[in-house]
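Peer 1: The following block contains the structure, expressed as structure tokens.
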There are 2 protein chains.
Amino acid sequence: MSSDRLIYLPLGGAGEIGMNCYVYGYGPEGAERFLLVDLGVTFPDMETTPGVDLILPDIAWLEERRDRLDGIVITHAHEDHVGAVGHLWSRLQAPVYARAFTGHIARLKMEEYGLAADILRIIEPYPQMATVGPFQIGFIPVSHSIPESSGIVIDTPAGRIVHTGDFKIDATPVVGEAFDPALWAEVAKPGVKALVCDSTNVFSEHAGRSEATVGPEIEKLVASAPGLVAATTFASNIARVKTLAEAGSRAGRSIVLLGRAMRRMVTAGIETGVLTDFPKVVSPEEAQDIPRGNLMLLTTGSQGEHRAATAQLSRGKYMGLTLKEGDLFLFSSKTIPGNERSVARIVNAFSEMGVDVVDDSSGLYHVSGHANRPDLMQMHTVVDPAVVIPMHGEHRHLRAHAKLAEDSGRRAVIAPNGTMIDLTGKVPKIAEFVETGRTYIDGSVQIGAMDGVVRDRLRMAMNGHVVVTVILDEEDAPLGEPWCEVMGLPPTGRSKAPLIDVLEADLDQFLGRADRKTRRDDDKLDEALRRVVRQTANDEIGKKPEVTVVVSRLS
Amino acid sequence: MSSDRLIYLPLGGAGEIGMNCYVYGYGPEGAERFLLVDLGVTFPDMETTPGVDLILPDIAWLEERRDRLDGIVITHAHEDHVGAVGHLWSRLQAPVYARAFTGHIARLKMEEYGLAADILRIIEPYPQMATVGPFQIGFIPVSHSIPESSGIVIDTPAGRIVHTGDFKIDATPVVGEAFDPALWAEVAKPGVKALVCDSTNVFSEHAGRSEATVGPEIEKLVASAPGLVAATTFASNIARVKTLAEAGSRAGRSIVLLGRAMRRMVTAGIETGVLTDFPKVVSPEEAQDIPRGNLMLLTTGSQGEHRAATAQLSRGKYMGLTLKEGDLFLFSSKTIPGNERSVARIVNAFSEMGVDVVDDSSGLYHVSGHANRPDLMQMHTVVDPAVVIPMHGEHRHLRAHAKLAEDSGRRAVIAPNGTMIDLTGKVPKIAEFVETGRTYIDGSVQIGAMDGVVRDRLRMAMNGHVVVTVILDEEDAPLGEPWCEVMGLPPTGRSKAPLIDVLEADLDQFLGRADRKTRRDDDKLDEALRRVVRQTANDEIGKKPEVTVVVSRLS
């Protein structure tokens, strides 16, 4: 009897929407060979991660075992699935498997890190399979909101796993492959041990709508607009970009692509053959000579990103183009939770200009790329696995998805990041808890989420920062008076005198009274001066600031 | 012919949802007598106002003219209408007019500032009117989501104005007065010059639902729950608090009020007579001895506030009470845009405990307190004013509301904060633009939004902070080496050496080369050292930090 086991271990994505990173393993315990599915990022915010540029899964566990990693499989080209490939590949160093369009995007990321192109293995869709260590893998085409999205079939000696990736059930996806129930049924036929399944839209009750339904509505809207029309969506949603461009083109408008991602994605679509018959595009310079009523701008920045084309247009001008009274701006997108304020800021700025803004609140101009509850149930039914393992969601999504499966009599396991599940036997069991976390790209450096760097930034942002400088002579006596610099604090408080003066007076008084033992001991002196500053500041302005004490000794 | 004019000037609320503050004036130009309607606050966020405790309208314009201010009228007791009365009253010093419940809450705020109770004038509802300078004012009862909400009728020699305050159209509001179309028609009968009208829900297309519709649904939910039930809503929504408590009580559960605001509001409701027949309440201590299935907790913190009862329960324990597997938590509330992440954090924490969370996504357990589009149109029709002036909304709300009025053939004026409208003649016209803004309560101090204090905090949060200390002797030569302290920056970068060491080495090298002219000039030296730090940090870690330079001269 074999002592080999089959394991599943999410390092990211099972505890958040974003940062997907799932490990599969097969082999003797402690000597399994590994397969990684997806290596994505998530995005920082001012509330929890100020100054951070990008958030990656902490892959330390896998890095320590990278000699046993046989391959990295990327399901599709969204940032939360492929975004960390450039940043983290050199710490993992295994071949990357993807379909052509995804590979095209992955290659761009690798080139930024000077990685060789031969890392990449472009795979044709199922029924073609590739051997990766003890695994046989295949890419099952599925509809989503980017071309060539795929579920992954993973065959092991212990049975077949189906990992859905992100998906929706769409028979008419405009660009790319429709959801094909017959194909998925064929994959399921030999019996599936576990369905590891997207949970993003588990709280949406109604059946998902097809991408094809938005086209006619967008066409009507664009055709009836008198002035310039601008529209934003995720650039990677190439079907939507095409729909928007065609609506503009049919209304006699010239199409202008604004923003690097928009141009790059259209190029990627054309070069890989997934995007055909895209209307003719004019440059922003050419657009200057075209009447406003004959223009349609497609812009990046649907989530309110400060430096993207949409935000720049809302602040005035982008590439020489401006919006004005009577123009129309369409958000053909959903605002991701957390981005509401940034998007509202833009809408208000357009409102002040007199631009009419249309968003997805009517449900007419946007559809989601994820499977809603009824669609998830359809997937469960088609694949009919021994166990459903919800992935890609916050804990509340994973739990609701597990309940959904259980309500129709299926077995389900909630496995948040770090939960290693042993799938070998008839009943899945928790094998181990592994430490997981987040790595921040901060400027050009990778730092751990728990390193305290960001905690210090948040503290300064909440409390302000006071710097105290004291110079002591050879006898540990103060040379001159202590000196304060403050940053991020009100200039005056209760006593109406400058805060700095009050702080310096109290510090001076303290030093005058302090015994030599305190003055001689760096730690004691630091602690005592810090306490004086915090107490005086609290009296004056009702805040206890962060304090840095610099003691210079002339000795 | 009179040269007196009638003016309207929003200082807050017409450019945001929150911070309501509207000035009306009547009299000769430049010598008008003033009436202020509402004096509210809005709330800070980490993204734009870290460390700030509360945001108030900047009332400098009115303060300069406070000898002409005859009264402050408060429409209802929500924080965004009454919240700044304590903080700002001493800068305005005019009598405060309110109905009893609102007055009760206003008094608590004033007591915190040691203000005398005789400032407050409690007014009975319309048809009673009060004379305030050249104005006759009356409180028109209206349904909203707090007791005794009122529109204000303002009579002036130049005509009648109706200021709606916040409102919804609800015939069965559970607690307090229903919307009474006959009463509003009576107020409108003499002819209304301007309807100054709530815009909050202008983007909600369907007619509003009555508070009475949520009761039966909540009862069904609570009755079917096996374990402990906890529910949160705004404490000031006394109708909802009562509905929740009654649902619990009917299901045989003892009611526990958790959080100061919850206890205070129920007390205020009972003391002012607006809340009757409230079920018996037990203390958290008494609750310890009651079986979980017989308990219902009503908690503060529906918006995910970190220190409120809901958040504390999600982190473990509050007043000795805990939630666990099989319990139910109900958000009988809407998440205000911007609070999604905080609320999701709590829901995920409950999910990890195995607590079932129900929110308003089904539409069953919460209704809004504001008038939706059809309700706004009904208000326009009932009052039939010469002009509609949308208030209480971001610019996009004001604009959509103006369009709504114009679409049914009415005149409308968009008047964002600072826009003074002259309402004297047949056609309203813009008289002037007045500078407005925001004041922050920061600890115990009031600071201006533009003072740079918060900007510095945001910069430190984004970029980190480096402090450079240099000691120069009598000849302006460095005494020892320069010294760096860093806060909020990665410890090492490109060269793998400690960032501080690299910075200090580069600073030392710079100082060794600097000519005496630079070393002697504080500004030049400061600027030069700052540049060295920013450039070295950028090379090492790809970030340009904030820099504070401290130069000590022994002279």
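Chain lettering (A, B, ...) mirrors the order of the structure tokens, residue numbering begins at 1 for each chain separately, and ligand numbering begins at 1 in order of display.
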Skip A:Ala386 itself and residues of its chain fewer than 5 positions away, then list as a PyMOL selection string all residues within 9 Å of it, counting only C-alpha atoms.
Peer 2: chain A and resi 191-195+410-412+426-427
Peer 1: Based on only C-alpha atoms, which of the residues in chain B come within 7 Å of chain A? I want them as a PyMOL selection string.
Peer 2: chain B and resi 46-47+50-51+337-338+340-341+347-348+351-352+394-396+399+443-445+447+453-454+456-458+460-464+487-490+493+541-543
Peer 1: Find the distance between atom CA of A:Gln378 and atom CA of A:Tyr8 and write it in Å to one decimal.
Peer 2: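 A separation of 23.4 Å between them.
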Peer 1: Could you check how far atom CA of B:Val256 sits from atom CA of B:Ala287, in Å to one decimal?
Peer 2: 7.3 Å
Peer 1: So, with only C-alpha atoms as the atoms that count, which of A:Pro28, A:Met353, A:Lys242, A:Gly269 lies closest to A:Glu325?
Peer 2: A:Met353
Peer 1: Using only C-alpha atoms, which residues sit within 9 Å of stretch 305-311 of chain B once same-chain residues fewer than 6 positions away are excluded, as a PyMOL selection string?
Peer 2: chain B and resi 230-232+258-260+299+317-319+339+342-343+345-346
Peer 1: What does the file look like for those residues with N, CA, C and O atoms, as a PDB file, in the first residue's frame?
Peer 2:
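File produced: result.pdb:
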```pdb
ATOM      1  N   ALA B 230     -27.645  38.591  18.284  1.00  0.00           N
ATOM      2  CA  ALA B 230     -27.198  39.958  18.501  1.00  0.00           C
ATOM      3  C   ALA B 230     -27.556  40.748  17.259  1.00  0.00           C
ATOM      4  O   ALA B 230     -27.589  40.204  16.153  1.00  0.00           O
ATOM      5  N   ALA B 231     -27.869  42.025  17.440  1.00  0.00           N
ATOM      6  CA  ALA B 231     -28.225  42.866  16.301  1.00  0.00           C
ATOM      7  C   ALA B 231     -27.673  44.258  16.518  1.00  0.00           C
ATOM      8  O   ALA B 231     -27.609  44.744  17.647  1.00  0.00           O
ATOM      9  N   THR B 232     -27.257  44.892  15.422  1.00  0.00           N
ATOM     10  CA  THR B 232     -26.769  46.260  15.515  1.00  0.00           C
ATOM     11  C   THR B 232     -27.536  47.158  14.565  1.00  0.00           C
ATOM     12  O   THR B 232     -28.001  46.714  13.509  1.00  0.00           O
ATOM     13  N   LEU B 258     -25.960  47.043  24.593  1.00  0.00           N
ATOM     14  CA  LEU B 258     -24.499  47.094  24.695  1.00  0.00           C
ATOM     15  C   LEU B 258     -23.954  48.319  23.976  1.00  0.00           C
ATOM     16  O   LEU B 258     -24.182  48.499  22.780  1.00  0.00           O
ATOM     17  N   GLY B 259     -23.214  49.131  24.671  1.00  0.00           N
ATOM     18  CA  GLY B 259     -22.626  50.344  24.099  1.00  0.00           C
ATOM     19  C   GLY B 259     -23.307  51.567  24.690  1.00  0.00           C
ATOM     20  O   GLY B 259     -24.514  51.592  24.859  1.00  0.00           O
ATOM     21  N   ARG B 260     -22.494  52.594  24.957  1.00  0.00           N
ATOM     22  CA  ARG B 260     -22.981  53.785  25.641  1.00  0.00           C
ATOM     23  C   ARG B 260     -24.102  54.469  24.855  1.00  0.00           C
ATOM     24  O   ARG B 260     -25.132  54.848  25.415  1.00  0.00           O
ATOM     25  N   THR B 299     -26.494  46.103  19.886  1.00  0.00           N
ATOM     26  CA  THR B 299     -25.132  46.613  20.022  1.00  0.00           C
ATOM     27  C   THR B 299     -24.886  47.854  19.177  1.00  0.00           C
ATOM     28  O   THR B 299     -25.466  48.024  18.103  1.00  0.00           O
ATOM     29  N   LYS B 317     -14.745  39.453  23.340  1.00  0.00           N
ATOM     30  CA  LYS B 317     -15.622  39.578  24.486  1.00  0.00           C
ATOM     31  C   LYS B 317     -16.028  41.033  24.666  1.00  0.00           C
ATOM     32  O   LYS B 317     -15.242  41.937  24.410  1.00  0.00           O
ATOM     33  N   TYR B 318     -17.264  41.256  25.127  1.00  0.00           N
ATOM     34  CA  TYR B 318     -17.672  42.607  25.512  1.00  0.00           C
ATOM     35  C   TYR B 318     -18.541  42.500  26.757  1.00  0.00           C
ATOM     36  O   TYR B 318     -19.547  41.798  26.736  1.00  0.00           O
ATOM     37  N   MET B 319     -18.141  43.153  27.796  1.00  0.00           N
ATOM     38  CA  MET B 319     -18.874  43.130  29.071  1.00  0.00           C
ATOM     39  C   MET B 319     -19.150  41.693  29.502  1.00  0.00           C
ATOM     40  O   MET B 319     -20.242  41.377  30.003  1.00  0.00           O
ATOM     41  N   ASN B 339     -17.036  52.600   4.707  1.00  0.00           N
ATOM     42  CA  ASN B 339     -16.908  51.735   5.887  1.00  0.00           C
ATOM     43  C   ASN B 339     -16.933  50.252   5.533  1.00  0.00           C
ATOM     44  O   ASN B 339     -16.914  49.403   6.434  1.00  0.00           O
ATOM     45  N   SER B 342     -14.146  48.016   7.100  1.00  0.00           N
ATOM     46  CA  SER B 342     -14.255  47.811   8.558  1.00  0.00           C
ATOM     47  C   SER B 342     -15.369  46.830   8.877  1.00  0.00           C
ATOM     48  O   SER B 342     -15.220  45.972   9.753  1.00  0.00           O
ATOM     49  N   VAL B 343     -16.480  46.953   8.167  1.00  0.00           N
ATOM     50  CA  VAL B 343     -17.594  46.037   8.421  1.00  0.00           C
ATOM     51  C   VAL B 343     -17.220  44.622   7.982  1.00  0.00           C
ATOM     52  O   VAL B 343     -17.475  43.649   8.702  1.00  0.00           O
ATOM     53  N   ARG B 345     -14.348  43.259   7.910  1.00  0.00           N
ATOM     54  CA  ARG B 345     -13.411  42.700   8.888  1.00  0.00           C
ATOM     55  C   ARG B 345     -14.185  42.023  10.028  1.00  0.00           C
ATOM     56  O   ARG B 345     -13.839  40.928  10.466  1.00  0.00           O
ATOM     57  N   ILE B 346     -15.241  42.686  10.475  1.00  0.00           N
ATOM     58  CA  ILE B 346     -16.052  42.140  11.575  1.00  0.00           C
ATOM     59  C   ILE B 346     -16.809  40.898  11.120  1.00  0.00           C
ATOM     60  O   ILE B 346     -16.854  39.879  11.817  1.00  0.00           O
TER      61      ILE B 346
END
```
Peer 1: As a ChimeraX atom specification, please: every residue in stretch 291-511 of chain B that a backbone DSSP assignment puts in alpha helix (DSSP H).
Peer 2: /B:309-315,340-353,373-383,395-407,453-463,499-511
Peer 1: Show me, as a ChimeraX atom specification, the residues that have an atom within 10 Å of A:Met450 when counting only C-alpha atoms, minus same-chain residues fewer than 6 positions from it.
Peer 2: /A:437-440
Peer 1: Just write the chosen residues, N, CA and C atoms, as a PDB file, in the first residue's frame.
Peer 2:
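For reference, part.pdb as written:
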```pdb
ATOM      1  N   GLY A 437       1.205  34.568   5.346  1.00  0.00           N
ATOM      2  CA  GLY A 437       1.155  36.002   5.610  1.00  0.00           C
ATOM      3  C   GLY A 437       1.278  36.784   4.328  1.00  0.00           C
ATOM      4  N   ARG A 438       1.721  38.022   4.476  1.00  0.00           N
ATOM      5  CA  ARG A 438       1.805  38.907   3.331  1.00  0.00           C
ATOM      6  C   ARG A 438       3.180  39.540   3.248  1.00  0.00           C
ATOM      7  N   THR A 439       3.627  39.708   2.032  1.00  0.00           N
ATOM      8  CA  THR A 439       4.882  40.410   1.782  1.00  0.00           C
ATOM      9  C   THR A 439       4.534  41.696   1.049  1.00  0.00           C
ATOM     10  N   TYR A 440       5.160  42.792   1.460  1.00  0.00           N
ATOM     11  CA  TYR A 440       4.887  44.072   0.810  1.00  0.00           C
ATOM     12  C   TYR A 440       6.020  44.447  -0.140  1.00  0.00           C
TER      13      TYR A 440
END
```
Peer 1: With DSSP run on the backbone, what are the strand (DSSP E or B) residues within stretch 387-497 of chain B? I'd like them as number ranges by chain.
Peer 2: B: 387-391, 393, 412, 419-422, 429-433, 438-442, 445-448, 465-472, 478, 483-487, 492
Peer 1: Give me a file of those residues, with N, CA and C atoms, as a CSV table (one decimal), in the first residue's frame.
Peer 2:
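What follows is the written file part22.csv:
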```csv
chain,number,residue,atom,x,y,z
B,387,VAL,N,-38.7,77.5,-6.6
B,387,VAL,CA,-37.4,76.9,-7.0
B,387,VAL,C,-37.0,75.8,-6.0
B,388,VAL,N,-36.4,74.7,-6.5
B,388,VAL,CA,-35.9,73.7,-5.7
B,388,VAL,C,-34.4,73.9,-5.5
B,389,ILE,N,-33.9,73.9,-4.3
B,389,ILE,CA,-32.5,74.0,-4.0
B,389,ILE,C,-32.0,72.7,-3.4
B,390,PRO,N,-31.4,71.8,-4.1
B,390,PRO,CA,-30.9,70.5,-3.5
B,390,PRO,C,-29.9,70.8,-2.4
B,391,MET,N,-30.0,70.1,-1.3
B,391,MET,CA,-29.0,70.2,-0.2
B,391,MET,C,-28.7,68.8,0.3
B,393,GLY,N,-25.9,66.6,0.2
B,393,GLY,CA,-25.4,65.6,-0.8
B,393,GLY,C,-24.0,66.0,-1.4
B,412,ALA,N,-34.5,74.8,-10.7
B,412,ALA,CA,-33.7,74.3,-9.7
B,412,ALA,C,-32.3,75.0,-9.7
B,419,THR,N,-21.8,78.9,-1.9
B,419,THR,CA,-22.5,79.6,-2.9
B,419,THR,C,-23.7,80.4,-2.3
B,420,MET,N,-23.6,81.7,-2.3
B,420,MET,CA,-24.7,82.5,-1.7
B,420,MET,C,-25.7,82.8,-2.8
B,421,ILE,N,-26.9,82.4,-2.5
B,421,ILE,CA,-28.0,82.6,-3.5
B,421,ILE,C,-28.9,83.7,-3.0
B,422,ASP,N,-29.2,84.6,-3.8
B,422,ASP,CA,-30.1,85.7,-3.5
B,422,ASP,C,-31.5,85.3,-4.0
B,429,LYS,N,-30.7,84.2,-7.9
B,429,LYS,CA,-29.4,84.4,-8.6
B,429,LYS,C,-28.2,84.3,-7.6
B,430,ILE,N,-27.1,83.9,-8.2
B,430,ILE,CA,-25.9,83.8,-7.3
B,430,ILE,C,-25.4,85.2,-6.9
B,431,ALA,N,-25.3,85.4,-5.6
B,431,ALA,CA,-24.9,86.7,-5.1
B,431,ALA,C,-23.4,86.8,-4.9
B,432,GLU,N,-22.8,85.7,-4.5
B,432,GLU,CA,-21.4,85.8,-4.1
B,432,GLU,C,-20.9,84.4,-3.8
B,433,PHE,N,-19.6,84.2,-3.9
B,433,PHE,CA,-19.0,83.0,-3.4
B,433,PHE,C,-18.2,83.3,-2.1
B,438,ARG,N,-13.2,73.1,6.1
B,438,ARG,CA,-13.4,72.1,7.2
B,438,ARG,C,-12.5,72.4,8.4
B,439,THR,N,-13.0,72.2,9.6
B,439,THR,CA,-12.2,72.4,10.8
B,439,THR,C,-12.1,71.0,11.4
B,440,TYR,N,-10.9,70.6,11.8
B,440,TYR,CA,-10.7,69.3,12.4
B,440,TYR,C,-10.6,69.4,14.0
B,441,ILE,N,-11.3,68.5,14.6
B,441,ILE,CA,-11.0,68.4,16.1
B,441,ILE,C,-9.9,67.3,16.1
B,442,ASP,N,-8.8,67.7,16.7
B,442,ASP,CA,-7.6,66.8,16.7
B,442,ASP,C,-7.1,66.8,18.1
B,445,VAL,N,-7.7,70.0,20.2
B,445,VAL,CA,-7.4,71.2,19.5
B,445,VAL,C,-8.3,71.3,18.2
B,446,GLN,N,-8.7,72.5,17.8
B,446,GLN,CA,-9.3,72.7,16.5
B,446,GLN,C,-8.2,73.2,15.5
B,447,ILE,N,-8.1,72.5,14.4
B,447,ILE,CA,-7.1,72.9,13.4
B,447,ILE,C,-7.8,73.0,12.0
B,448,GLY,N,-7.3,73.8,11.2
B,448,GLY,CA,-7.9,74.0,9.8
B,448,GLY,C,-7.5,72.9,8.9
B,465,HIS,N,9.9,58.6,7.7
B,465,HIS,CA,10.5,59.8,8.2
B,465,HIS,C,12.0,59.5,8.6
B,466,VAL,N,12.9,60.3,8.2
B,466,VAL,CA,14.3,60.2,8.6
B,466,VAL,C,14.7,61.5,9.3
B,467,VAL,N,15.3,61.3,10.5
B,467,VAL,CA,15.8,62.5,11.2
B,467,VAL,C,17.3,62.4,11.2
B,468,VAL,N,17.9,63.6,10.8
B,468,VAL,CA,19.3,63.7,10.7
B,468,VAL,C,19.8,64.7,11.8
B,469,THR,N,20.8,64.2,12.6
B,469,THR,CA,21.3,65.1,13.6
B,469,THR,C,22.8,65.4,13.2
B,470,VAL,N,23.2,66.7,13.2
B,470,VAL,CA,24.6,67.0,12.9
B,470,VAL,C,25.0,68.0,14.0
B,471,ILE,N,26.2,67.8,14.6
B,471,ILE,CA,26.7,68.8,15.5
B,471,ILE,C,27.9,69.5,14.9
B,472,LEU,N,27.9,70.8,14.9
B,472,LEU,CA,29.0,71.6,14.3
B,472,LEU,C,29.7,72.4,15.4
B,478,PRO,N,32.1,69.5,11.5
B,478,PRO,CA,31.3,68.5,12.1
B,478,PRO,C,32.1,67.9,13.4
B,483,TRP,N,24.2,61.7,12.4
B,483,TRP,CA,23.4,60.6,13.1
B,483,TRP,C,22.0,60.5,12.4
B,484,CYS,N,21.6,59.3,12.1
B,484,CYS,CA,20.3,59.2,11.5
B,484,CYS,C,19.4,58.3,12.4
B,485,GLU,N,18.1,58.7,12.4
B,485,GLU,CA,17.1,57.9,13.0
B,485,GLU,C,16.0,57.7,11.9
B,486,VAL,N,15.5,56.5,11.7
B,486,VAL,CA,14.5,56.3,10.7
B,486,VAL,C,13.2,55.7,11.4
B,487,MET,N,12.1,56.1,10.8
B,487,MET,CA,10.8,55.6,11.3
B,487,MET,C,9.9,55.3,10.1
B,492,THR,N,16.7,47.5,5.6
B,492,THR,CA,17.8,47.3,4.6
B,492,THR,C,17.3,47.4,3.2
```
Peer 1: Residues within 10 Å of A:Asp508, please, as an NGL selection string. Count only C-alpha atoms; anything in the same chain fewer than 3 positions from it doesn't count.
Peer 2: :A and (470 or 478 or 480-483 or 502-505 or 511-514 or 529)
Peer 1: Residues of the last selection are to be written out with all heavy atoms, as a tab-separated table (two decimals), in the first residue's frame.
Peer 2:
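As written to disk, selection.tsv reads:
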```tsv
chain	number	residue	atom	x	y	z
A	470	VAL	N	19.16	66.18	22.32
A	470	VAL	CA	19.83	66.64	23.53
A	470	VAL	C	21.32	66.40	23.36
A	470	VAL	O	21.73	65.34	22.89
A	470	VAL	CB	19.33	65.84	24.76
A	470	VAL	CG1	20.12	66.23	26.01
A	470	VAL	CG2	17.85	66.07	24.97
A	478	PRO	N	23.75	68.79	30.32
A	478	PRO	CA	23.22	69.28	29.05
A	478	PRO	C	24.04	70.46	28.51
A	478	PRO	O	24.38	71.37	29.27
A	478	PRO	CB	21.80	69.74	29.38
A	478	PRO	CG	21.54	69.35	30.79
A	478	PRO	CD	22.80	68.98	31.44
A	480	GLY	N	23.64	73.44	26.33
A	480	GLY	CA	22.52	74.18	25.76
A	480	GLY	C	21.21	73.50	26.12
A	480	GLY	O	21.17	72.57	26.94
A	481	GLU	N	20.13	73.95	25.51
A	481	GLU	CA	18.82	73.41	25.85
A	481	GLU	C	18.40	72.30	24.90
A	481	GLU	O	18.88	72.25	23.78
A	481	GLU	CB	17.78	74.54	25.81
A	481	GLU	CG	18.00	75.53	26.95
A	481	GLU	CD	17.22	76.81	26.77
A	481	GLU	OE1	16.45	76.90	25.78
A	481	GLU	OE2	17.38	77.70	27.60
A	482	PRO	N	17.50	71.42	25.34
A	482	PRO	CA	16.98	70.39	24.42
A	482	PRO	C	16.22	71.06	23.29
A	482	PRO	O	15.70	72.16	23.43
A	482	PRO	CB	16.06	69.56	25.30
A	482	PRO	CG	15.88	70.29	26.55
A	482	PRO	CD	16.92	71.32	26.69
A	483	TRP	N	16.16	70.37	22.19
A	483	TRP	CA	15.64	70.93	20.96
A	483	TRP	C	14.53	69.99	20.46
A	483	TRP	O	14.72	68.78	20.45
A	483	TRP	CB	16.79	70.99	19.98
A	483	TRP	CG	16.56	71.69	18.72
A	483	TRP	CD1	15.45	71.70	17.96
A	483	TRP	CD2	17.51	72.51	18.04
A	483	TRP	NE1	15.64	72.46	16.85
A	483	TRP	CE2	16.89	72.98	16.88
A	483	TRP	CE3	18.85	72.89	18.30
A	483	TRP	CZ2	17.56	73.81	15.96
A	483	TRP	CZ3	19.49	73.70	17.38
A	483	TRP	CH2	18.86	74.17	16.23
A	502	VAL	N	6.64	74.96	24.52
A	502	VAL	CA	6.18	74.32	25.75
A	502	VAL	C	6.92	73.00	25.97
A	502	VAL	O	7.36	72.69	27.08
A	502	VAL	CB	4.65	74.08	25.71
A	502	VAL	CG1	4.18	73.46	27.02
A	502	VAL	CG2	3.91	75.38	25.44
A	503	LEU	N	7.07	72.23	24.89
A	503	LEU	CA	7.80	70.96	25.00
A	503	LEU	C	9.24	71.20	25.43
A	503	LEU	O	9.76	70.54	26.33
A	503	LEU	CB	7.78	70.22	23.65
A	503	LEU	CG	6.45	69.62	23.21
A	503	LEU	CD1	6.55	69.12	21.76
A	503	LEU	CD2	6.04	68.46	24.12
A	504	GLU	N	9.90	72.17	24.80
A	504	GLU	CA	11.31	72.42	25.10
A	504	GLU	C	11.48	72.91	26.54
A	504	GLU	O	12.43	72.52	27.23
A	504	GLU	CB	11.90	73.42	24.09
A	504	GLU	CG	12.10	72.76	22.71
A	504	GLU	CD	12.62	73.71	21.64
A	504	GLU	OE1	12.66	74.93	21.90
A	504	GLU	OE2	12.98	73.22	20.55
A	505	ALA	N	10.55	73.75	27.00
A	505	ALA	CA	10.64	74.25	28.38
A	505	ALA	C	10.51	73.10	29.37
A	505	ALA	O	11.28	72.99	30.33
A	505	ALA	CB	9.56	75.30	28.62
A	511	LEU	N	15.47	68.04	32.50
A	511	LEU	CA	16.91	67.76	32.45
A	511	LEU	C	17.63	68.45	33.60
A	511	LEU	O	18.58	67.91	34.17
A	511	LEU	CB	17.49	68.24	31.12
A	511	LEU	CG	17.49	67.24	29.97
A	511	LEU	CD1	18.19	67.84	28.78
A	511	LEU	CD2	18.16	65.92	30.38
A	512	GLY	N	17.17	69.66	33.93
A	512	GLY	CA	17.77	70.41	35.03
A	512	GLY	C	17.64	69.66	36.35
A	512	GLY	O	18.50	69.76	37.22
A	513	ARG	N	16.59	68.89	36.48
A	513	ARG	CA	16.33	68.17	37.73
A	513	ARG	C	16.85	66.74	37.74
A	513	ARG	O	16.98	66.13	38.79
A	513	ARG	CB	14.82	68.10	37.99
A	513	ARG	CG	14.23	69.43	38.42
A	513	ARG	CD	12.77	69.18	38.78
A	513	ARG	NE	12.04	70.42	38.87
A	513	ARG	CZ	10.74	70.52	38.73
A	513	ARG	NH1	10.02	69.45	38.47
A	513	ARG	NH2	10.15	71.69	38.85
A	514	ALA	N	17.08	66.20	36.53
A	514	ALA	CA	17.42	64.77	36.44
A	514	ALA	C	18.75	64.49	37.13
A	514	ALA	O	19.69	65.28	37.00
A	514	ALA	CB	17.47	64.35	34.98
A	529	LEU	N	12.69	61.19	28.68
A	529	LEU	CA	12.40	62.32	27.79
A	529	LEU	C	11.14	62.05	26.98
A	529	LEU	O	10.30	62.92	26.77
A	529	LEU	CB	13.59	62.58	26.86
A	529	LEU	CG	14.88	63.06	27.55
A	529	LEU	CD1	16.04	63.10	26.55
A	529	LEU	CD2	14.67	64.45	28.16
```
